$ cat query-v3.tsv   # TSV, C-alpha atoms
chain	number	residue	atom	x	y	z
A	498	MET	CA	-2.35	-9.90	-4.84
A	499	ASN	CA	-5.15	-11.60	-2.94
A	500	GLY	CA	-3.11	-11.63	0.26
A	501	GLY	CA	-3.74	-11.30	3.97
A	502	HIS	CA	-3.65	-7.50	3.71
A	503	ASP	CA	-6.81	-7.36	1.55
A	504	LEU	CA	-9.19	-7.94	4.43
A	505	GLY	CA	-12.05	-5.60	3.55
A	506	GLY	CA	-15.25	-7.42	4.45
A	507	MET	CA	-13.57	-10.02	6.67
A	508	HIS	CA	-15.56	-10.85	9.81
A	509	GLY	CA	-14.38	-11.82	13.29
A	510	LEU	CA	-11.49	-9.38	13.76
A	511	GLY	CA	-13.24	-7.55	16.59
A	512	PRO	CA	-14.27	-3.93	17.00
A	513	ILE	CA	-12.27	-0.96	15.74
A	514	ASN	CA	-11.48	1.15	18.81
A	515	PRO	CA	-9.52	4.28	17.85
A	516	GLU	CA	-7.33	5.55	20.69
A	517	PRO	CA	-7.93	9.17	21.68
A	518	ASN	CA	-4.71	11.15	21.02
A	519	GLU	CA	-3.06	8.10	19.53
A	520	PRO	CA	0.76	8.48	19.48
A	521	VAL	CA	2.55	8.03	16.15
A	522	PHE	CA	4.63	5.24	17.70
A	523	HIS	CA	3.68	3.05	20.65
A	524	GLU	CA	7.15	1.56	21.12
A	525	GLU	CA	10.67	2.86	20.51
A	526	TRP	CA	11.42	-0.02	18.11
A	527	GLU	CA	8.53	1.15	15.89
A	528	ARG	CA	10.18	4.58	15.55
A	529	ARG	CA	13.48	2.91	14.59
A	530	CYS	CA	11.73	0.55	12.16
A	531	PHE	CA	10.04	3.48	10.41
A	532	ALA	CA	13.30	5.48	10.17
A	533	LEU	CA	15.24	2.45	8.93
A	534	THR	CA	12.63	1.78	6.23
A	535	LEU	CA	12.77	5.39	4.98
A	536	ALA	CA	16.58	5.46	5.09
A	537	CYS	CA	16.86	2.17	3.18
A	538	GLY	CA	14.29	3.42	0.66
A	539	PHE	CA	16.68	6.24	-0.22
A	540	LEU	CA	19.29	3.69	-1.27
A	541	GLY	CA	17.25	3.65	-4.49
A	542	GLU	CA	17.05	-0.13	-4.81
A	543	TRP	CA	13.24	-0.20	-4.74
A	544	ASN	CA	10.26	2.17	-4.78
A	545	LEU	CA	7.31	2.73	-2.42
A	546	ASP	CA	4.99	0.36	-4.27
A	547	MET	CA	7.63	-2.39	-4.23
A	548	SER	CA	7.87	-1.98	-0.46
A	549	ARG	CA	4.08	-2.32	-0.16
A	550	ARG	CA	4.25	-5.43	-2.32
A	551	ALA	CA	6.95	-6.87	-0.05
A	552	ARG	CA	4.65	-6.51	2.97
A	553	GLU	CA	1.70	-8.01	1.07
A	554	ARG	CA	3.73	-11.10	0.18
A	555	MET	CA	3.82	-12.19	3.83
A	556	HIS	CA	2.02	-15.46	4.49
A	557	PRO	CA	-1.62	-14.47	5.21
A	558	ALA	CA	-1.68	-16.27	8.58
A	559	ARG	CA	1.49	-14.49	9.71
A	560	TYR	CA	0.25	-11.16	8.35
A	561	LEU	CA	-2.89	-11.30	10.46
A	562	GLU	CA	-0.95	-12.24	13.60
A	563	THR	CA	1.58	-9.42	13.41
A	564	SER	CA	1.32	-5.69	14.04
A	565	TYR	CA	1.56	-2.81	11.60
A	566	TYR	CA	5.25	-2.07	12.17
A	567	GLU	CA	6.09	-5.76	12.22
A	568	HIS	CA	4.78	-5.78	8.63
A	569	TRP	CA	7.17	-2.91	7.89
A	570	LEU	CA	10.11	-4.75	9.46
A	571	ILE	CA	9.42	-8.04	7.70
A	572	GLY	CA	8.88	-6.26	4.35
A	573	LEU	CA	12.15	-4.37	4.76
A	574	GLN	CA	14.03	-7.58	5.52
A	575	THR	CA	12.54	-9.17	2.38
A	576	LEU	CA	13.72	-6.26	0.21
A	577	LEU	CA	17.19	-6.08	1.79
A	578	VAL	CA	17.73	-9.80	1.22
A	579	GLU	CA	16.28	-9.85	-2.32
A	580	THR	CA	18.47	-6.93	-3.42
A	581	GLY	CA	21.53	-8.63	-1.90
A	582	LEU	CA	22.26	-5.83	0.58
A	583	ILE	CA	22.20	-8.28	3.49
A	584	THR	CA	21.72	-12.02	3.91
A	585	GLU	CA	19.36	-14.06	6.06
A	586	GLU	CA	22.47	-15.34	7.88
A	587	GLU	CA	23.56	-11.81	8.77
A	588	ILE	CA	20.10	-11.02	10.20
A	589	ALA	CA	20.08	-14.26	12.21
A	590	ARG	CA	23.63	-13.66	13.50
A	591	ARG	CA	22.87	-10.08	14.62
A	592	MET	CA	19.62	-11.17	16.29
A	593	GLY	CA	21.64	-13.81	18.14
A	594	GLU	CA	24.17	-11.18	19.28
A	595	ILE	CA	21.45	-8.82	20.51
A	596	GLY	CA	19.69	-11.68	22.28
A	597	ALA	CA	22.95	-12.63	24.02
A	598	GLU	CA	23.59	-8.99	25.08
A	599	GLU	CA	20.12	-8.75	26.61
A	600	THR	CA	20.52	-11.91	28.66
A	601	ASP	CA	23.95	-10.87	30.00
B	1015	MET	CA	24.74	3.50	-4.23
B	1016	ARG	CA	23.23	6.71	-2.89
B	1017	ALA	CA	22.66	7.15	0.84
B	1018	LEU	CA	20.59	9.55	2.92
B	1019	LYS	CA	22.63	11.63	5.35
B	1020	ALA	CA	20.99	12.61	8.64
B	1021	GLU	CA	21.38	16.35	7.97
B	1022	ASN	CA	19.46	16.01	4.67
B	1023	VAL	CA	16.46	14.05	5.96
B	1024	LYS	CA	14.18	17.01	6.64
B	1025	LYS	CA	14.92	18.76	3.33
B	1026	ILE	CA	14.43	15.63	1.23
B	1027	LEU	CA	11.18	14.63	2.94
B	1028	GLN	CA	9.82	18.15	2.36
B	1029	GLN	CA	10.76	17.97	-1.32
B	1030	SER	CA	8.96	14.69	-1.90
B	1031	LYS	CA	6.38	15.03	-4.68
B	1032	GLY	CA	4.52	11.88	-3.80
B	1033	ALA	CA	2.92	9.87	-6.58
B	1034	ARG	CA	1.49	12.77	-8.62
B	1035	VAL	CA	2.92	13.02	-12.17
B	1036	ASP	CA	3.02	16.30	-14.05
B	1037	VAL	CA	1.89	15.05	-17.49
B	1038	ASP	CA	-1.41	15.08	-19.35
B	1039	VAL	CA	-3.06	11.73	-20.04
B	1040	PRO	CA	-6.32	11.76	-22.06
B	1041	LEU	CA	-9.31	11.34	-19.74
B	1042	LYS	CA	-11.17	8.04	-20.17
B	1043	PHE	CA	-14.06	9.21	-17.97
B	1044	LYS	CA	-15.72	12.36	-16.66
B	1045	SER	CA	-17.69	13.06	-13.50
B	1046	GLY	CA	-21.03	11.28	-13.53
B	1047	ASP	CA	-19.93	8.49	-15.91
B	1048	ARG	CA	-21.01	4.99	-14.88
B	1049	VAL	CA	-18.10	2.57	-14.71
B	1050	LEU	CA	-17.55	-1.13	-14.13
B	1051	THR	CA	-14.45	-2.25	-12.24
B	1052	ARG	CA	-12.47	-5.05	-13.85
B	1053	ASN	CA	-12.34	-8.48	-12.26
B	1054	ILE	CA	-8.58	-8.84	-11.93
B	1055	ASN	CA	-6.65	-11.17	-9.63
B	1056	PRO	CA	-3.02	-10.24	-10.21
B	1057	LEU	CA	-0.19	-11.96	-8.35
B	1058	GLY	CA	1.47	-8.57	-7.98
B	1059	HIS	CA	0.49	-5.39	-6.17
B	1060	THR	CA	-2.85	-3.73	-6.90
B	1061	ARG	CA	-4.93	-1.02	-5.23
B	1062	LEU	CA	-8.22	-2.52	-6.41
B	1063	PRO	CA	-9.50	-4.53	-3.41
B	1064	ARG	CA	-11.25	-7.86	-3.86
B	1065	TYR	CA	-14.60	-6.56	-2.64
B	1066	ALA	CA	-14.69	-3.89	-5.37
B	1067	ARG	CA	-13.96	-6.05	-8.43
B	1068	GLY	CA	-16.65	-6.47	-11.06
B	1069	ARG	CA	-18.80	-3.76	-9.42
B	1070	GLN	CA	-20.59	-0.75	-10.84
B	1071	GLY	CA	-19.87	2.76	-9.61
B	1072	VAL	CA	-19.96	6.38	-10.71
B	1073	ILE	CA	-17.03	8.73	-11.35
B	1074	ASP	CA	-17.27	11.35	-8.60
B	1075	GLN	CA	-14.22	13.45	-9.42
B	1076	HIS	CA	-10.87	13.44	-11.20
B	1077	HIS	CA	-7.82	13.73	-8.92
B	1078	GLY	CA	-5.17	14.19	-11.61
B	1079	VAL	CA	-2.47	11.95	-13.06
B	1080	PHE	CA	-0.61	9.57	-10.75
B	1081	ILE	CA	1.92	6.74	-10.89
B	1082	PHE	CA	0.13	3.43	-11.52
B	1083	PRO	CA	1.03	1.30	-8.49
B	1084	ASP	CA	0.57	-2.09	-10.18
B	1085	THR	CA	3.32	-1.65	-12.79
B	1086	HIS	CA	5.46	0.52	-10.49
B	1087	ALA	CA	5.57	-2.33	-7.96
B	1088	ALA	CA	6.25	-4.95	-10.63
B	1089	ASN	CA	9.14	-3.38	-12.52
B	1090	GLY	CA	9.42	0.32	-11.67
B	1091	ASP	CA	7.34	1.45	-14.70
B	1092	LYS	CA	5.51	4.64	-13.58
B	1093	ASN	CA	2.87	4.19	-16.33
B	1094	PRO	CA	1.08	7.48	-15.38
B	1095	GLN	CA	-2.71	7.30	-15.47
B	1096	ASN	CA	-5.74	9.31	-14.44
B	1097	LEU	CA	-6.89	8.71	-10.89
B	1098	TYR	CA	-10.57	9.15	-10.06
B	1099	SER	CA	-12.66	9.06	-6.93
B	1100	VAL	CA	-15.31	6.45	-7.73
B	1101	ARG	CA	-18.55	6.28	-5.75
B	1102	PHE	CA	-20.21	2.94	-4.99
B	1103	THR	CA	-23.40	2.28	-3.10
B	1104	ALA	CA	-22.95	0.10	-0.02
B	1105	ARG	CA	-25.51	-2.31	-1.51
B	1106	GLU	CA	-23.52	-2.70	-4.74
B	1107	LEU	CA	-20.50	-3.86	-2.71
B	1108	TRP	CA	-22.14	-5.69	0.20
B	1109	GLY	CA	-25.61	-6.71	-0.95
B	1110	ASP	CA	-29.15	-6.08	0.21
B	1111	SER	CA	-28.41	-6.25	3.94
B	1112	ALA	CA	-26.18	-3.16	3.68
B	1113	SER	CA	-27.39	0.38	4.35
B	1114	GLU	CA	-29.63	1.80	1.66
B	1115	THR	CA	-28.00	5.23	1.88
B	1116	ASP	CA	-24.29	4.62	2.57
B	1117	LYS	CA	-21.73	5.29	-0.15
B	1118	ILE	CA	-18.12	4.15	-0.44
B	1119	TYR	CA	-15.57	6.32	-2.28
B	1120	MET	CA	-12.50	4.64	-3.71
B	1121	ASP	CA	-9.51	6.12	-5.56
B	1122	LEU	CA	-9.11	4.08	-8.75
B	1123	TRP	CA	-6.87	4.31	-11.83
B	1124	ASP	CA	-7.85	4.16	-15.53
B	1125	ASP	CA	-6.71	0.55	-15.93
B	1126	TYR	CA	-9.14	-0.69	-13.25
B	1127	LEU	CA	-12.18	0.74	-15.03
B	1128	GLU	CA	-14.38	0.07	-18.04
B	1129	PRO	CA	-17.45	2.00	-19.18
B	1130	ALA	CA	-20.69	0.58	-17.76
B	1131	ASN	CA	-23.81	0.39	-19.89
$ encode --input "query-v3.tsv" --output "structure tokens"
Amino acid sequence: MNGGHDLGGMHGLGPINPEPNEPVFHEEWERRCFALTLACGFLGEWNLDMSRRARERMHPARYLETSYYEHWLIGLQTLLVETGLITEEEIARRMGEIGAEETD
Amino acid sequence: MRALKAENVKKILQQSKGARVDVDVPLKFKSGDRVLTRNINPLGHTRLPRYARGRQGVIDQHHGVFIFPDTHAANGDKNPQNLYSVRFTARELWGDSASETDKIYMDLWDDYLEPAN
């Protein structure tokens, strides 16, 4: 797919500055996102290449504006919804609950 | 539906075989063969990037037989194929303003490649 992920040769993205001793995860939510993706993969409803394809199907503008683990999270949501394991409404409801807890 | 229990995570991750497939598939190319990448623009998943389509390269080495990601992503068909490291000159991919000496190595499957004359 000629999506936003296939950016070899694209100009204007700025320099590549590798961090010395880069940690595997920069934020706790990234660790949880990675674990959740692996755990859901073992449900057997899709394979690794299908999960890559789910990330690549993001709108190119959104893909370029989001971080690596945001791609993982959005791809996982796509697969969970498409296989009927959860619904968009359930995701929205839970995000609302968490948002309410955090503002309490 | 199967589920991964926390106590099994380490064992199962260590057992993972990755994408290598233990079957023999007749070799289409050997090291040193000149190849031409296909110009494909599939709506599905592919590991052949846009900048390397319709370009000439040379087979550097054979990695073995691996799951073909394009069909595996589309419908779960493993479609095992030979995977090669293919060497391209920077100028073949990026034109005359690229380095004269740089090379780019790309891992490419049988179905991405045709013999070059």
$ atom_distance --input "query-v3.tsv" --atom1 "CA of Leu576 (chain A)" --atom2 "CA of Lys1092 (chain B)"
19.4 Å
$ residues_around --input "query-v3.tsv" --residues "Cys537 (chain A)" --least-positions-apart "3" --cutoff "12 Å" --atoms "all atoms listed in the file" --output "VMD selection string"
(chain A and resid 529 to 534 540 to 545 548 569 to 570 572 to 574 576 to 577 580 582 to 583) or (chain B and resid 1015 to 1019)
$ atom_distance --input "query-v3.tsv" --atom1 "CA of Glu553 (chain A)" --atom2 "CA of Asn499 (chain A)"
8.7 Å
$ closest_atom_pairs --input "query-v3.tsv" --of "chain A" --to "chain B" --cutoff "7 Å" --atoms "all atoms listed in the file" --output "tab-separated table"
residue	atom	partner	partner_atom	distance
A:Met498	CA	B:Leu1057	CA	4.6
A:Asn499	CA	B:Asn1055	CA	6.9
A:Asp503	CA	B:Pro1063	CA	6.3
A:Gly505	CA	B:Tyr1065	CA	6.8
A:Ala536	CA	B:Leu1018	CA	6.1
A:Phe539	CA	B:Leu1018	CA	6.0
A:Leu540	CA	B:Arg1016	CA	5.2
A:Gly541	CA	B:Arg1016	CA	6.9
A:Asp546	CA	B:Ala1087	CA	4.6
A:Met547	CA	B:Ala1087	CA	4.3
A:Arg550	CA	B:His1059	CA	5.4
$ residues_around --input "query-v3.tsv" --residues "Arg1052 (chain B)" --least-positions-apart "3" --cutoff "10 Å" --atoms "only C-alpha atoms" --output "PyMOL selection string"
chain B and resi 1049+1055+1062+1066-1070+1125-1128
$ write_last_selection --input "query-v3.tsv" --atoms "C-alpha atoms" --output "CSV table (one decimal), in the frame of the given file"
chain,number,residue,atom,x,y,z
B,1049,VAL,CA,-18.1,2.6,-14.7
B,1055,ASN,CA,-6.6,-11.2,-9.6
B,1062,LEU,CA,-8.2,-2.5,-6.4
B,1066,ALA,CA,-14.7,-3.9,-5.4
B,1067,ARG,CA,-14.0,-6.0,-8.4
B,1068,GLY,CA,-16.6,-6.5,-11.1
B,1069,ARG,CA,-18.8,-3.8,-9.4
B,1070,GLN,CA,-20.6,-0.8,-10.8
B,1125,ASP,CA,-6.7,0.6,-15.9
B,1126,TYR,CA,-9.1,-0.7,-13.2
B,1127,LEU,CA,-12.2,0.7,-15.0
B,1128,GLU,CA,-14.4,0.1,-18.0
$ atom_distance --input "query-v3.tsv" --atom1 "CA of Val521 (chain A)" --atom2 "CA of Ser1099 (chain B)"
27.7 Å
$ closest_residue --input "query-v3.tsv" --among "B:Asp1047, B:Asp1036, B:Glu1106, B:Asp1091" --to "Gln1075 (chain B)" --atoms "all atoms listed in the file"
B:Asp1047
$ build_atoms --input "query-v3.tsv" --residues "region 512-539 of chain A" --atoms "N, CA and C atoms" --output "short mmCIF file (atom, residue, chain, number, x, y, z; two decimals), keeping the file's coordinate frame"
data_model
loop_
_atom_site.label_atom_id
_atom_site.label_comp_id
_atom_site.auth_asym_id
_atom_site.auth_seq_id
_atom_site.Cartn_x
_atom_site.Cartn_y
_atom_site.Cartn_z
N PRO A 512 -13.90 -5.33 17.26
CA PRO A 512 -14.27 -3.93 17.00
C PRO A 512 -13.06 -3.07 16.69
N ILE A 513 -13.29 -1.97 15.96
CA ILE A 513 -12.27 -0.96 15.74
C ILE A 513 -12.43 0.08 16.85
N ASN A 514 -11.42 0.21 17.69
CA ASN A 514 -11.48 1.15 18.81
C ASN A 514 -10.36 2.17 18.69
N PRO A 515 -10.59 3.28 17.99
CA PRO A 515 -9.52 4.28 17.85
C PRO A 515 -9.13 4.85 19.21
N GLU A 516 -7.82 4.95 19.44
CA GLU A 516 -7.33 5.55 20.69
C GLU A 516 -7.48 7.06 20.62
N PRO A 517 -7.98 7.71 21.68
CA PRO A 517 -7.93 9.17 21.68
C PRO A 517 -6.48 9.62 21.78
N ASN A 518 -6.08 10.63 21.02
CA ASN A 518 -4.71 11.15 21.02
C ASN A 518 -3.68 10.05 20.78
N GLU A 519 -3.96 9.21 19.79
CA GLU A 519 -3.06 8.10 19.53
C GLU A 519 -1.65 8.60 19.18
N PRO A 520 -0.61 8.07 19.85
CA PRO A 520 0.76 8.48 19.48
C PRO A 520 1.15 7.89 18.12
N VAL A 521 2.09 8.55 17.44
CA VAL A 521 2.55 8.03 16.15
C VAL A 521 3.19 6.66 16.33
N PHE A 522 3.97 6.53 17.40
CA PHE A 522 4.63 5.24 17.70
C PHE A 522 4.28 4.83 19.13
N HIS A 523 3.98 3.54 19.31
CA HIS A 523 3.68 3.05 20.65
C HIS A 523 4.93 2.51 21.34
N GLU A 524 5.92 2.13 20.57
CA GLU A 524 7.15 1.56 21.12
C GLU A 524 8.34 2.19 20.41
N GLU A 525 9.47 2.26 21.11
CA GLU A 525 10.67 2.86 20.51
C GLU A 525 11.12 2.09 19.25
N TRP A 526 10.96 0.76 19.27
CA TRP A 526 11.42 -0.02 18.11
C TRP A 526 10.60 0.34 16.86
N GLU A 527 9.35 0.77 17.05
CA GLU A 527 8.53 1.15 15.89
C GLU A 527 9.10 2.40 15.23
N ARG A 528 9.56 3.35 16.06
CA ARG A 528 10.18 4.58 15.55
C ARG A 528 11.43 4.23 14.73
N ARG A 529 12.24 3.31 15.27
CA ARG A 529 13.48 2.91 14.59
C ARG A 529 13.17 2.16 13.29
N CYS A 530 12.13 1.33 13.35
CA CYS A 530 11.73 0.55 12.16
C CYS A 530 11.29 1.49 11.03
N PHE A 531 10.52 2.50 11.40
CA PHE A 531 10.04 3.48 10.41
C PHE A 531 11.23 4.24 9.80
N ALA A 532 12.14 4.72 10.65
CA ALA A 532 13.30 5.48 10.17
C ALA A 532 14.19 4.61 9.28
N LEU A 533 14.39 3.37 9.70
CA LEU A 533 15.24 2.45 8.93
C LEU A 533 14.63 2.18 7.55
N THR A 534 13.30 2.04 7.51
CA THR A 534 12.63 1.78 6.23
C THR A 534 12.79 2.97 5.29
N LEU A 535 12.60 4.20 5.82
CA LEU A 535 12.77 5.39 4.98
C LEU A 535 14.23 5.52 4.52
N ALA A 536 15.16 5.32 5.44
CA ALA A 536 16.58 5.46 5.09
C ALA A 536 16.98 4.45 4.02
N CYS A 537 16.52 3.21 4.17
CA CYS A 537 16.86 2.17 3.18
C CYS A 537 16.16 2.45 1.85
N GLY A 538 14.98 3.06 1.90
CA GLY A 538 14.29 3.42 0.66
C GLY A 538 15.13 4.38 -0.18
N PHE A 539 15.86 5.27 0.50
CA PHE A 539 16.68 6.24 -0.22
C PHE A 539 17.93 5.63 -0.83
#
